[in-house]
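*Asks:* Sending over entry-v2.txt (compact mmCIF, C-alpha atoms).
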```txt
# COMPACT_ATOMS: atom_id res chain seq x y z
CA MET A 136 28.39 10.28 -12.41
CA LYS A 137 28.69 7.06 -14.40
CA TRP A 138 29.59 5.17 -11.24
CA TRP A 139 26.34 6.33 -9.63
CA PHE A 140 24.09 5.24 -12.48
CA GLY A 141 26.08 2.02 -12.78
CA ILE A 142 24.68 0.93 -9.42
CA ASP A 143 21.28 -0.77 -9.55
CA LEU A 144 18.50 1.57 -8.47
CA TRP A 145 17.34 -0.77 -5.72
CA GLN A 146 20.80 -0.70 -4.18
CA ARG A 147 20.82 3.10 -4.27
CA VAL A 148 17.35 3.24 -2.72
CA ILE A 149 18.33 0.84 0.08
CA ALA A 150 21.49 2.86 0.70
CA GLY A 151 19.40 6.03 0.95
CA LEU A 152 17.01 4.33 3.36
CA VAL A 153 19.81 3.03 5.62
CA LEU A 154 21.78 6.30 5.58
CA GLY A 155 18.61 8.29 6.27
CA ALA A 156 17.85 6.07 9.25
CA ILE A 157 21.40 6.48 10.59
CA VAL A 158 21.32 10.27 10.18
CA GLY A 159 17.84 10.58 11.73
CA LEU A 160 18.69 8.42 14.75
CA GLY A 161 22.12 10.05 15.09
CA LEU A 162 20.55 13.50 15.24
CA ARG A 163 17.83 12.45 17.68
CA TYR A 164 20.08 10.69 20.16
CA GLY A 165 23.04 13.02 19.60
CA MET A 166 21.28 16.39 19.79
CA GLY A 167 18.19 15.46 21.75
CA ALA A 168 14.58 15.01 20.63
CA GLU A 169 13.61 18.69 20.46
CA ALA A 170 16.70 19.93 18.60
CA ALA A 171 16.70 16.94 16.21
CA GLY A 172 13.02 17.45 15.48
CA GLU A 173 13.67 21.05 14.53
CA VAL A 174 16.57 20.11 12.25
CA VAL A 175 14.78 17.32 10.38
CA ARG A 176 11.58 19.34 10.01
CA THR A 177 13.59 22.22 8.53
CA TRP A 178 16.12 20.40 6.38
CA ALA A 179 14.89 16.86 5.68
CA LYS A 180 11.10 16.98 5.59
CA PRO A 181 10.84 19.61 2.79
CA PHE A 182 12.99 17.45 0.48
CA GLY A 183 10.97 14.37 1.39
CA ASP A 184 7.73 16.25 0.73
CA ALA A 185 9.09 17.46 -2.61
CA PHE A 186 9.86 13.87 -3.59
CA ILE A 187 6.39 12.73 -2.56
CA SER A 188 4.89 15.57 -4.61
CA LEU A 189 6.91 14.49 -7.65
CA ILE A 190 5.62 10.94 -7.56
CA LYS A 191 2.08 12.02 -6.66
CA MET A 192 2.26 14.19 -9.77
CA LEU A 193 2.61 10.99 -11.79
CA VAL A 194 -0.12 8.88 -10.19
CA VAL A 195 -3.24 10.14 -12.00
CA PRO A 196 -1.71 10.45 -15.51
CA LEU A 197 0.08 7.13 -15.02
CA ILE A 198 -3.07 5.25 -14.01
CA PHE A 199 -5.21 6.87 -16.68
CA THR A 200 -2.82 6.45 -19.62
CA THR A 201 -1.26 3.08 -18.78
CA LEU A 202 -4.55 1.45 -17.82
CA LEU A 203 -6.19 2.72 -21.01
CA SER A 204 -3.18 1.58 -23.04
CA GLY A 205 -3.26 -1.80 -21.34
CA VAL A 206 -6.93 -2.31 -22.13
CA LEU A 207 -6.28 -1.37 -25.76
CA ALA A 208 -3.31 -3.75 -25.93
CA MET A 209 -5.58 -6.66 -25.04
CA GLY A 210 -7.55 -6.12 -28.23
CA ASP A 211 -10.59 -7.94 -26.87
CA PRO A 212 -12.83 -6.82 -23.98
CA LYS A 213 -13.45 -10.49 -23.13
CA LYS A 214 -9.79 -10.83 -22.13
CA LEU A 215 -10.23 -7.94 -19.72
CA GLY A 216 -12.99 -9.85 -17.96
CA SER A 217 -10.77 -12.89 -17.52
CA LEU A 218 -7.82 -10.83 -16.32
CA GLY A 219 -9.86 -8.65 -13.98
CA GLY A 220 -11.78 -11.58 -12.55
CA ARG A 221 -8.61 -13.48 -11.68
CA ALA A 222 -7.01 -10.41 -10.16
CA LEU A 223 -10.06 -9.60 -8.01
CA MET A 224 -10.35 -13.17 -6.74
CA MET A 225 -6.68 -13.26 -5.77
CA TYR A 226 -6.80 -9.85 -4.12
CA MET A 227 -9.81 -10.82 -2.02
CA GLY A 228 -8.32 -14.20 -1.13
CA THR A 229 -4.96 -12.83 0.04
CA THR A 230 -6.72 -10.11 2.05
CA LEU A 231 -8.76 -12.70 3.95
CA VAL A 232 -5.57 -14.63 4.72
CA ALA A 233 -3.82 -11.41 5.81
CA VAL A 234 -6.50 -10.61 8.41
CA SER A 235 -6.17 -14.15 9.73
CA PHE A 236 -2.40 -13.72 10.17
CA GLY A 237 -3.02 -10.50 12.12
CA LEU A 238 -5.54 -12.20 14.40
CA LEU A 239 -3.29 -15.25 14.85
CA MET A 240 -0.23 -13.23 15.90
CA GLY A 241 -2.40 -10.94 18.04
CA THR A 242 -3.74 -13.99 19.88
CA ILE A 243 -0.26 -15.47 20.39
CA ILE A 244 1.68 -12.31 21.38
CA GLN A 245 -1.17 -10.52 23.22
CA PRO A 246 0.01 -6.96 22.41
CA GLY A 247 -2.75 -5.25 24.41
CA ALA A 248 -2.55 -7.36 27.57
CA GLY A 249 -1.95 -5.05 30.52
CA PHE A 250 -1.69 -1.93 28.34
CA ASP A 251 -2.97 1.24 30.01
CA LEU A 252 -5.09 3.21 27.53
CA SER A 253 -5.41 6.12 29.98
CA ILE A 254 -1.96 7.38 28.97
CA ALA A 255 -3.45 9.01 25.85
CA SER A 256 -2.94 12.77 26.04
CA ALA A 257 -5.83 15.22 25.80
CA ALA A 258 -4.33 16.73 22.63
CA ASP A 259 -4.09 13.33 20.91
CA ILE A 260 -7.66 12.47 21.93
CA ALA A 261 -8.93 15.77 20.51
CA GLU A 262 -7.07 15.23 17.22
CA ALA A 263 -8.28 11.64 16.91
CA LYS A 264 -11.88 12.70 17.51
CA ALA A 265 -11.63 15.48 14.94
CA ARG A 266 -10.26 13.14 12.31
CA LEU A 267 -12.87 10.48 13.00
CA ASP A 268 -15.66 13.06 12.78
CA ALA A 269 -14.27 14.22 9.44
CA ASN A 270 -14.09 10.66 8.07
CA PRO A 271 -17.16 8.72 9.23
CA GLN A 272 -17.24 5.04 8.27
CA PRO A 273 -20.29 2.85 7.51
CA GLY A 274 -21.20 0.82 10.56
CA SER A 275 -22.22 -2.62 9.28
CA VAL A 276 -20.84 -5.13 6.79
CA GLY A 277 -23.75 -4.45 4.42
CA GLU A 278 -23.35 -0.68 4.67
CA GLN A 279 -19.60 -0.98 4.05
CA LEU A 280 -20.21 -3.14 0.98
CA MET A 281 -22.73 -0.69 -0.49
CA HIS A 282 -20.45 2.24 0.30
CA THR A 283 -17.61 0.54 -1.59
CA LEU A 284 -19.75 -0.31 -4.61
CA LEU A 285 -21.24 3.17 -4.90
CA SER A 286 -17.81 4.80 -4.65
CA ILE A 287 -16.60 3.06 -7.81
CA ILE A 288 -18.71 4.88 -10.40
CA PRO A 289 -17.77 8.52 -11.08
CA THR A 290 -20.62 10.95 -11.67
CA ASN A 291 -18.05 13.33 -13.15
CA PRO A 292 -14.93 11.69 -14.67
CA VAL A 293 -13.15 15.04 -14.98
CA ALA A 294 -13.69 15.71 -11.28
CA ALA A 295 -12.46 12.20 -10.48
CA LEU A 296 -9.25 12.90 -12.40
CA ALA A 297 -8.84 16.28 -10.73
CA ASN A 298 -9.45 14.89 -7.24
CA GLY A 299 -7.32 11.79 -7.75
CA ASP A 300 -10.15 9.35 -6.97
CA VAL A 301 -8.22 6.29 -8.04
CA LEU A 302 -11.03 3.73 -7.97
CA GLN A 303 -13.25 5.98 -10.10
CA ILE A 304 -10.38 6.70 -12.51
CA ILE A 305 -9.82 2.97 -12.94
CA PHE A 306 -13.51 2.38 -13.68
CA PHE A 307 -13.68 5.23 -16.19
CA SER A 308 -10.41 4.21 -17.89
CA ILE A 309 -11.58 0.64 -18.35
CA MET A 310 -14.95 1.71 -19.73
CA LEU A 311 -13.35 4.23 -22.10
CA GLY A 312 -10.87 1.60 -23.28
CA ILE A 313 -13.69 -0.83 -24.01
CA GLY A 314 -15.52 1.92 -25.92
CA ILE A 315 -12.45 2.63 -28.06
CA LEU A 316 -12.01 -1.08 -28.83
CA MET A 317 -15.63 -1.32 -29.91
CA CYS A 318 -15.12 1.59 -32.33
CA GLY A 319 -12.73 -0.49 -34.42
CA GLU A 320 -10.97 1.58 -37.10
CA ALA A 321 -12.62 4.80 -35.96
CA GLY A 322 -11.01 4.45 -32.55
CA LYS A 323 -7.44 3.89 -33.78
CA PRO A 324 -6.40 7.59 -33.94
CA LEU A 325 -7.41 8.06 -30.31
CA ALA A 326 -5.73 4.77 -29.37
CA ASN A 327 -2.47 5.98 -30.95
CA VAL A 328 -2.62 9.20 -28.92
CA ILE A 329 -3.23 7.28 -25.71
CA ASN A 330 -0.37 4.85 -26.40
CA SER A 331 1.99 7.76 -27.09
CA ALA A 332 0.89 9.47 -23.90
CA ALA A 333 1.45 6.27 -21.91
CA GLU A 334 4.99 5.96 -23.28
CA ALA A 335 5.75 9.59 -22.41
CA VAL A 336 4.43 9.21 -18.87
CA MET A 337 6.50 6.05 -18.37
CA LYS A 338 9.65 7.87 -19.51
CA LEU A 339 8.86 10.66 -17.08
CA THR A 340 8.36 8.05 -14.37
CA LEU A 341 11.84 6.64 -14.96
CA ILE A 342 13.29 10.15 -14.65
CA VAL A 343 11.49 10.80 -11.37
CA MET A 344 12.50 7.41 -10.00
CA GLU A 345 16.16 8.43 -10.27
CA THR A 346 15.48 10.90 -7.44
CA ALA A 347 14.21 8.09 -5.19
CA PRO A 348 17.46 7.50 -3.24
CA PHE A 349 17.56 11.15 -2.18
CA GLY A 350 13.83 11.30 -1.40
CA VAL A 351 14.02 8.11 0.66
CA PHE A 352 17.05 9.46 2.53
CA ALA A 353 15.15 12.64 3.44
CA LEU A 354 11.98 10.81 4.48
CA MET A 355 13.79 8.32 6.72
CA ALA A 356 15.91 11.04 8.33
CA TRP A 357 12.73 13.00 9.07
CA VAL A 358 10.66 10.08 10.43
CA LEU A 359 13.36 8.67 12.71
CA GLY A 360 14.72 12.08 13.67
CA GLU A 361 11.20 13.13 14.67
CA ARG A 362 10.05 9.90 16.34
CA GLY A 363 13.21 7.93 17.08
CA LEU A 364 12.78 4.39 18.33
CA ASP A 365 10.35 5.33 21.11
CA ILE A 366 7.71 3.14 19.50
CA LEU A 367 9.80 0.04 20.26
CA ILE A 368 9.48 0.84 23.96
CA PHE A 369 6.04 2.41 24.07
CA LEU A 370 4.26 -0.03 21.78
CA GLY A 371 6.87 -2.76 21.51
CA LYS A 372 4.53 -5.77 21.58
CA LEU A 373 2.14 -4.20 19.07
CA THR A 374 5.02 -3.33 16.72
CA LEU A 375 6.44 -6.84 17.06
CA THR A 376 3.02 -8.41 16.42
CA HIS A 377 2.41 -6.27 13.34
CA TYR A 378 5.85 -6.74 11.77
CA ILE A 379 5.92 -10.50 12.38
CA ALA A 380 2.39 -10.93 10.97
CA CYS A 381 3.25 -8.90 7.85
CA GLY A 382 6.55 -10.76 7.41
CA LEU A 383 4.87 -14.15 7.69
CA HIS A 384 2.15 -13.12 5.26
CA ILE A 385 4.75 -11.97 2.72
CA LEU A 386 6.92 -15.08 3.07
CA ILE A 387 4.22 -17.73 3.43
CA THR A 388 1.20 -16.47 1.45
CA TYR A 389 3.04 -14.71 -1.37
CA GLY A 390 5.85 -17.26 -1.26
CA LEU A 391 3.41 -20.13 -1.76
CA ILE A 392 1.79 -18.35 -4.70
CA ILE A 393 5.12 -17.67 -6.43
CA ARG A 394 6.92 -20.90 -5.57
CA GLY A 395 4.09 -23.36 -5.12
CA GLY A 396 1.45 -22.03 -7.49
CA LEU A 397 3.57 -20.57 -10.30
CA ARG A 398 6.65 -22.82 -9.95
CA LEU A 399 8.96 -19.82 -9.99
CA PRO A 400 12.03 -19.19 -7.80
CA LEU A 401 11.46 -16.79 -4.90
CA LEU A 402 14.79 -14.94 -4.88
CA PRO A 403 14.36 -13.29 -8.31
CA PHE A 404 10.88 -12.17 -7.33
CA PHE A 405 12.01 -10.44 -4.14
CA ARG A 406 15.06 -8.99 -5.87
CA GLY A 407 12.83 -7.61 -8.60
CA ALA A 408 10.38 -6.17 -6.09
CA VAL A 409 12.89 -4.58 -3.72
CA ASP A 410 12.86 -1.13 -5.38
CA ALA A 411 9.13 -0.84 -4.84
CA GLN A 412 9.34 -2.32 -1.33
CA ALA A 413 12.01 0.17 -0.24
CA LEU A 414 10.02 3.09 -1.64
CA ALA A 415 6.84 1.77 -0.01
CA PHE A 416 8.61 1.53 3.35
CA SER A 417 9.81 5.14 3.20
CA THR A 418 6.68 6.79 1.75
CA SER A 419 3.98 4.72 3.53
CA SER A 420 1.82 5.23 0.43
CA SER A 421 0.72 2.61 -2.12
CA ASN A 422 -0.34 5.34 -4.55
CA ALA A 423 2.97 7.17 -4.27
CA THR A 424 4.80 3.88 -4.84
CA LEU A 425 2.69 2.94 -7.89
CA PRO A 426 5.06 4.39 -10.54
CA MET A 427 7.94 2.38 -9.08
CA THR A 428 5.73 -0.71 -8.73
CA ILE A 429 4.82 -0.60 -12.43
CA ALA A 430 8.48 -0.05 -13.39
CA CYS A 431 9.56 -3.04 -11.27
CA ALA A 432 6.83 -5.22 -12.76
CA THR A 433 7.74 -4.56 -16.39
CA LYS A 434 11.50 -4.12 -16.10
CA ASN A 435 12.44 -6.62 -13.38
CA LEU A 436 9.71 -9.25 -13.23
CA GLY A 437 8.79 -9.69 -16.90
CA ILE A 438 5.14 -8.77 -16.41
CA GLY A 439 3.51 -7.70 -19.67
CA LYS A 440 2.23 -4.18 -20.14
CA PRO A 441 -1.49 -5.12 -20.39
CA VAL A 442 -1.31 -6.81 -16.99
CA ALA A 443 1.00 -4.34 -15.24
CA SER A 444 -1.02 -1.34 -16.37
CA SER A 445 -4.35 -2.79 -15.26
CA VAL A 446 -3.75 -5.14 -12.34
CA LEU A 447 -1.31 -2.90 -10.43
CA PRO A 448 -3.39 0.32 -10.36
CA LEU A 449 -6.34 -1.83 -9.30
CA GLY A 450 -4.21 -3.42 -6.60
CA ALA A 451 -2.97 -0.05 -5.30
CA THR A 452 -6.62 0.78 -4.65
CA ILE A 453 -8.35 -2.42 -3.54
CA ASN A 454 -5.54 -4.76 -2.45
CA MET A 455 -4.76 -3.61 1.08
CA ASP A 456 -3.50 -6.78 2.74
CA GLY A 457 -1.36 -4.82 5.21
CA THR A 458 -4.30 -2.58 6.04
CA ALA A 459 -6.64 -5.52 6.62
CA LEU A 460 -4.02 -7.35 8.69
CA TYR A 461 -3.58 -4.23 10.83
CA GLN A 462 -7.33 -4.01 11.44
CA GLY A 463 -7.19 -7.47 12.99
CA VAL A 464 -4.15 -6.56 15.13
CA ILE A 465 -5.77 -3.33 16.37
CA ALA A 466 -9.03 -5.11 17.21
CA LEU A 467 -7.23 -7.65 19.40
CA PHE A 468 -4.97 -4.98 20.92
CA ALA A 469 -8.03 -2.97 21.95
CA ALA A 470 -9.98 -5.98 23.17
CA GLN A 471 -7.06 -7.14 25.33
CA ALA A 472 -6.39 -3.63 26.68
CA MET A 473 -10.08 -3.19 27.59
CA GLY A 474 -10.44 -6.72 28.95
CA THR A 475 -13.09 -7.68 26.39
CA PRO A 476 -13.33 -11.47 25.83
CA MET A 477 -13.30 -12.55 22.18
CA THR A 478 -15.81 -15.03 20.73
CA ALA A 479 -15.63 -17.09 17.56
CA SER A 480 -18.33 -14.97 15.92
CA MET A 481 -16.36 -11.82 16.71
CA TYR A 482 -13.29 -13.25 14.98
CA VAL A 483 -15.33 -14.09 11.87
CA THR A 484 -16.98 -10.66 11.82
CA ILE A 485 -13.59 -8.92 12.18
CA ILE A 486 -12.24 -10.90 9.21
CA LEU A 487 -15.20 -9.91 7.02
CA MET A 488 -15.29 -6.29 8.19
CA ALA A 489 -11.52 -5.76 7.90
CA THR A 490 -11.56 -7.16 4.36
CA LEU A 491 -14.39 -4.87 3.27
CA VAL A 492 -12.99 -1.82 5.06
CA SER A 493 -9.65 -2.23 3.30
CA ILE A 494 -11.19 -2.27 -0.21
CA GLY A 495 -10.89 1.09 -1.87
CA THR A 496 -8.91 2.56 1.02
CA ALA A 497 -6.99 5.64 -0.07
CA GLY A 498 -3.33 4.66 -0.50
CA ILE A 499 -2.03 7.44 1.78
CA PRO A 500 -0.17 7.38 5.10
CA SER A 501 -2.04 6.43 8.31
CA VAL A 502 -5.49 6.17 6.69
CA SER A 503 -5.70 2.57 7.96
CA LEU A 504 -5.71 3.67 11.57
CA PHE A 505 -8.86 5.77 11.20
CA LEU A 506 -10.64 2.96 9.39
CA ALA A 507 -10.23 0.98 12.60
CA ALA A 508 -13.27 2.80 14.02
CA THR A 509 -15.45 0.40 12.03
CA THR A 510 -13.50 -2.69 13.07
CA LEU A 511 -13.37 -1.70 16.74
CA SER A 512 -17.14 -1.44 16.84
CA VAL A 513 -17.22 -5.22 16.25
CA ILE A 514 -15.66 -5.88 19.68
CA GLY A 515 -18.21 -3.62 21.35
CA ALA A 516 -15.97 -0.59 21.86
CA THR A 517 -17.86 2.60 22.64
CA PRO A 518 -17.22 5.77 20.58
CA GLU A 519 -15.22 7.16 23.52
CA GLN A 520 -13.07 4.02 23.73
CA ILE A 521 -12.48 4.04 19.96
CA VAL A 522 -11.22 7.62 20.16
CA VAL A 523 -8.85 6.72 23.01
CA VAL A 524 -7.42 3.68 21.19
CA ILE A 525 -6.77 5.70 18.04
CA ALA A 526 -5.33 8.58 20.10
CA VAL A 527 -2.82 6.17 21.69
CA LEU A 528 -1.70 4.74 18.35
CA PHE A 529 -1.78 7.82 16.12
CA PRO A 530 1.51 9.50 17.17
CA PHE A 531 3.40 6.27 16.43
CA ASP A 532 1.42 4.99 13.47
CA ARG A 533 3.88 6.04 10.78
CA ILE A 534 6.40 3.29 11.59
CA LEU A 535 3.60 0.71 11.60
CA ASP A 536 2.22 2.11 8.34
CA MET A 537 5.59 1.63 6.64
CA MET A 538 5.36 -2.15 7.02
CA ARG A 539 1.69 -2.18 6.03
CA THR A 540 2.56 -0.49 2.75
CA VAL A 541 5.42 -2.93 2.02
CA THR A 542 2.90 -5.76 2.44
CA ASN A 543 0.36 -4.08 0.15
CA VAL A 544 2.87 -3.44 -2.63
CA THR A 545 4.38 -6.94 -2.42
CA GLY A 546 0.87 -8.37 -2.72
CA ASP A 547 0.19 -6.23 -5.80
CA LEU A 548 3.30 -7.57 -7.53
CA THR A 549 2.53 -11.17 -6.49
CA VAL A 550 -0.95 -11.07 -7.99
CA ALA A 551 0.29 -9.27 -11.11
CA THR A 552 2.95 -11.98 -11.61
CA ALA A 553 0.37 -14.75 -11.25
CA VAL A 554 -2.17 -13.13 -13.59
CA ALA A 555 0.53 -12.36 -16.16
CA LYS A 556 1.65 -15.98 -16.26
CA TRP A 557 -1.89 -17.31 -16.53
CA GLU A 558 -2.77 -14.83 -19.27
CA GLY A 559 0.38 -15.49 -21.33
CA GLU A 560 1.75 -12.00 -20.61
CA PHE A 561 4.83 -13.13 -18.69
CA ASP A 562 8.48 -13.12 -19.85
CA GLU A 563 10.16 -15.75 -17.71
CA GLU A 564 13.61 -14.94 -19.09
CA VAL A 565 13.38 -11.40 -17.74
CA PHE A 566 12.11 -12.75 -14.41
CA ARG A 567 14.91 -15.34 -14.09
CA ALA A 568 17.62 -12.90 -15.17
CA ARG A 569 18.00 -12.01 -11.49
CA ASP A 570 18.26 -15.67 -10.42
CA PRO A 571 21.80 -16.30 -9.14
CA VAL A 572 21.46 -20.07 -9.76
```
In structure tokens, what does this structure look like?
*Replies:*
Amino acid sequence: MKWWFGIDLWQRVIAGLVLGAIVGLGLRYGMGAEAAGEVVRTWAKPFGDAFISLIKMLVVPLIFTTLLSGVLAMGDPKKLGSLGGRALMMYMGTTLVAVSFGLLMGTIIQPGAGFDLSIASAADIAEAKARLDANPQPGSVGEQLMHTLLSIIPTNPVAALANGDVLQIIFFSIMLGIGILMCGEAGKPLANVINSAAEAVMKLTLIVMETAPFGVFALMAWVLGERGLDILIFLGKLTLTHYIACGLHILITYGLIIRGGLRLPLLPFFRGAVDAQALAFSTSSSNATLPMTIACATKNLGIGKPVASSVLPLGATINMDGTALYQGVIALFAAQAMGTPMTASMYVTIILMATLVSIGTAGIPSVSLFLAATTLSVIGATPEQIVVVIAVLFPFDRILDMMRTVTNVTGDLTVATAVAKWEGEFDEEVFRARDPV
């Protein structure tokens, strides 16, 4: 097996993704949709689910131990304020730009023009309504802001850990880390335990990541065997709009930060991030990708542990550029399909609302679509129209969600790279080791 482990992990993950896509599409168009769906649900999906469960198993202990360890490694709570402030400003700034890209491409391509929303099936409408009823969203910008702020502080840290409430875990971990630092010598025994735990969890993460090529293979075979490429026909203009907007945001916004702001070459950055991007594309989950994102940051991009272990978990929770961008695309898609004229004030409100809605969004598949209920209300959509729009998109949302998650994870690594360099926690030799020049 030496030959296998001699291949870079990112190459193995990409190979798994491509082979999974080939197998899934081959089954669907070779055996037919119904037979292929049965095969991939029986033989591929369980292995994909097992892989997702493995990496979800790591998320809470990884965030808790590495974030705590990162805070302790800073040695001074004041440094945490500087680091966190820079990260938050960058996350908010890139999210605002992301929504603008979504609105720009939606205006140019017009994905909803002439689209018939009446094709939504009764079953899809019923499911969309049930999910919306189960996940009500605050209706105004102010309500959304207060909802986000109140969701940060855990009333029961143990329950937050048990439930996997990432934003609350981050808040508690930071506060506990500050408390340990303030204890001085008395806090060192606990700090040693936490650092040891963080090392053990990282080793476990590396072990689990070796299963990524097989998990990605199973997930791609399942998704494309189940859905095929129908989305390219059914929602072709929306898919094109979304993928182009995400691609431009990644290349232009993140590219300008890395190349223009940090004076670093782009190719090593994208080579170093590709493991996390491939996993993000297959899992559609920022949280599930977090262990790989942290590994890429420290191993490939030269980002110091204090930054990687604090900025990246925060980003996986509040930096949802792809989600925010998608809110803008959906809003224009719905407005065009319903024949609703857009005004300048509506564009501004969508940008603000989409940014706030994306903060603290659970990093799980398809959650972005149901957050669109809040954004769609901005264009004057009735509750019945909102349900219909979501019912139309829901069966095909997975393939759109894959690109959203790639955008989110790339943004996390971009901000972490910038903060690491500004805070003196960046090893440029490690970063440039992947530079072919």
*Asks:* What is the atom CA of Ile514 of chain A to atom CA of Ala469 of chain A distance in Å?
*Replies:*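 Between these atoms lies a distance of 8.5 Å.
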*Asks:* Rounded to one decimal in Å, what is the spacing between atom CA of Ser204 of chain A and atom CA of Ala347 of chain A?
*Replies:* 25.8 Å
*Asks:* How many Å separate atom CA of Ala171 of chain A from atom CA of Val153 of chain A?
*Replies:*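 Separation between atom CA of Ala171 of chain A and atom CA of Val153 of chain A: 17.8 Å.
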*Asks:* Set the distance at 12 Å and use all atoms listed in the file: which residues neighbour Ile305 of chain A once local chain neighbours fewer than 2 positions away are removed? I'd like the list as a VMD selection string.
*Replies:* chain A and resid 194 to 203 205 to 206 219 286 to 289 292 295 to 296 299 to 303 307 to 312 444 to 453 495
*Asks:* Now that the selection is made, can you save its residues with C-alpha atoms as a PDB file, in the coordinates of the input?
*Replies:*
```pdb
ATOM      1  CA  VAL A 194      -0.120   8.880 -10.190  1.00  0.00           C
ATOM      2  CA  VAL A 195      -3.240  10.140 -12.000  1.00  0.00           C
ATOM      3  CA  PRO A 196      -1.710  10.450 -15.510  1.00  0.00           C
ATOM      4  CA  LEU A 197       0.080   7.130 -15.020  1.00  0.00           C
ATOM      5  CA  ILE A 198      -3.070   5.250 -14.010  1.00  0.00           C
ATOM      6  CA  PHE A 199      -5.210   6.870 -16.680  1.00  0.00           C
ATOM      7  CA  THR A 200      -2.820   6.450 -19.620  1.00  0.00           C
ATOM      8  CA  THR A 201      -1.260   3.080 -18.780  1.00  0.00           C
ATOM      9  CA  LEU A 202      -4.550   1.450 -17.820  1.00  0.00           C
ATOM     10  CA  LEU A 203      -6.190   2.720 -21.010  1.00  0.00           C
ATOM     11  CA  GLY A 205      -3.260  -1.800 -21.340  1.00  0.00           C
ATOM     12  CA  VAL A 206      -6.930  -2.310 -22.130  1.00  0.00           C
ATOM     13  CA  GLY A 219      -9.860  -8.650 -13.980  1.00  0.00           C
ATOM     14  CA  SER A 286     -17.810   4.800  -4.650  1.00  0.00           C
ATOM     15  CA  ILE A 287     -16.600   3.060  -7.810  1.00  0.00           C
ATOM     16  CA  ILE A 288     -18.710   4.880 -10.400  1.00  0.00           C
ATOM     17  CA  PRO A 289     -17.770   8.520 -11.080  1.00  0.00           C
ATOM     18  CA  PRO A 292     -14.930  11.690 -14.670  1.00  0.00           C
ATOM     19  CA  ALA A 295     -12.460  12.200 -10.480  1.00  0.00           C
ATOM     20  CA  LEU A 296      -9.250  12.900 -12.400  1.00  0.00           C
ATOM     21  CA  GLY A 299      -7.320  11.790  -7.750  1.00  0.00           C
ATOM     22  CA  ASP A 300     -10.150   9.350  -6.970  1.00  0.00           C
ATOM     23  CA  VAL A 301      -8.220   6.290  -8.040  1.00  0.00           C
ATOM     24  CA  LEU A 302     -11.030   3.730  -7.970  1.00  0.00           C
ATOM     25  CA  GLN A 303     -13.250   5.980 -10.100  1.00  0.00           C
ATOM     26  CA  PHE A 307     -13.680   5.230 -16.190  1.00  0.00           C
ATOM     27  CA  SER A 308     -10.410   4.210 -17.890  1.00  0.00           C
ATOM     28  CA  ILE A 309     -11.580   0.640 -18.350  1.00  0.00           C
ATOM     29  CA  MET A 310     -14.950   1.710 -19.730  1.00  0.00           C
ATOM     30  CA  LEU A 311     -13.350   4.230 -22.100  1.00  0.00           C
ATOM     31  CA  GLY A 312     -10.870   1.600 -23.280  1.00  0.00           C
ATOM     32  CA  SER A 444      -1.020  -1.340 -16.370  1.00  0.00           C
ATOM     33  CA  SER A 445      -4.350  -2.790 -15.260  1.00  0.00           C
ATOM     34  CA  VAL A 446      -3.750  -5.140 -12.340  1.00  0.00           C
ATOM     35  CA  LEU A 447      -1.310  -2.900 -10.430  1.00  0.00           C
ATOM     36  CA  PRO A 448      -3.390   0.320 -10.360  1.00  0.00           C
ATOM     37  CA  LEU A 449      -6.340  -1.830  -9.300  1.00  0.00           C
ATOM     38  CA  GLY A 450      -4.210  -3.420  -6.600  1.00  0.00           C
ATOM     39  CA  ALA A 451      -2.970  -0.050  -5.300  1.00  0.00           C
ATOM     40  CA  THR A 452      -6.620   0.780  -4.650  1.00  0.00           C
ATOM     41  CA  ILE A 453      -8.350  -2.420  -3.540  1.00  0.00           C
ATOM     42  CA  GLY A 495     -10.890   1.090  -1.870  1.00  0.00           C
TER      43      GLY A 495
END
```
*Asks:* Between A:Thr542, A:Ser331, A:Thr484, A:Thr229, which residue has the minimum interatomic distance to Ser419 of chain A, considering all atoms listed in the file?
*Replies:*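 Smallest distance to Ser419 of chain A is found for A:Thr542.
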*Asks:* Would you please work out which residue, of A:Thr549, A:Thr376, A:Ser188, A:Thr540, is nearest to Leu399 of chain A when using all atoms listed in the file?
*Replies:*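 Counting all atoms listed in the file, the residue closest to Leu399 of chain A is A:Thr549.
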*Asks:* Which residues are near Leu207 of chain A? Cut-off 10 Å, all atoms listed in the file, ignore same chain within fewer than 5 positions. Put them as a list in words.
*Replies:*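 Near Leu207 of chain A, the qualifying residues are Thr201, Leu202, Pro212, Leu215, Ile309, Leu311, Gly312, Ile313, Gly314, Ile315, Leu316, Lys323, Ala326, Asn327, Ile329, Asn330 and Pro441 of chain A.
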*Asks:* Given the choices A:Phe182, A:Trp138, A:Tyr378, A:Phe468, which gets closest to Gly247 of chain A if the distance is worked out from all atoms listed in the file?
*Replies:*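 Ranked by minimum distance to Gly247 of chain A, first place goes to A:Phe468.
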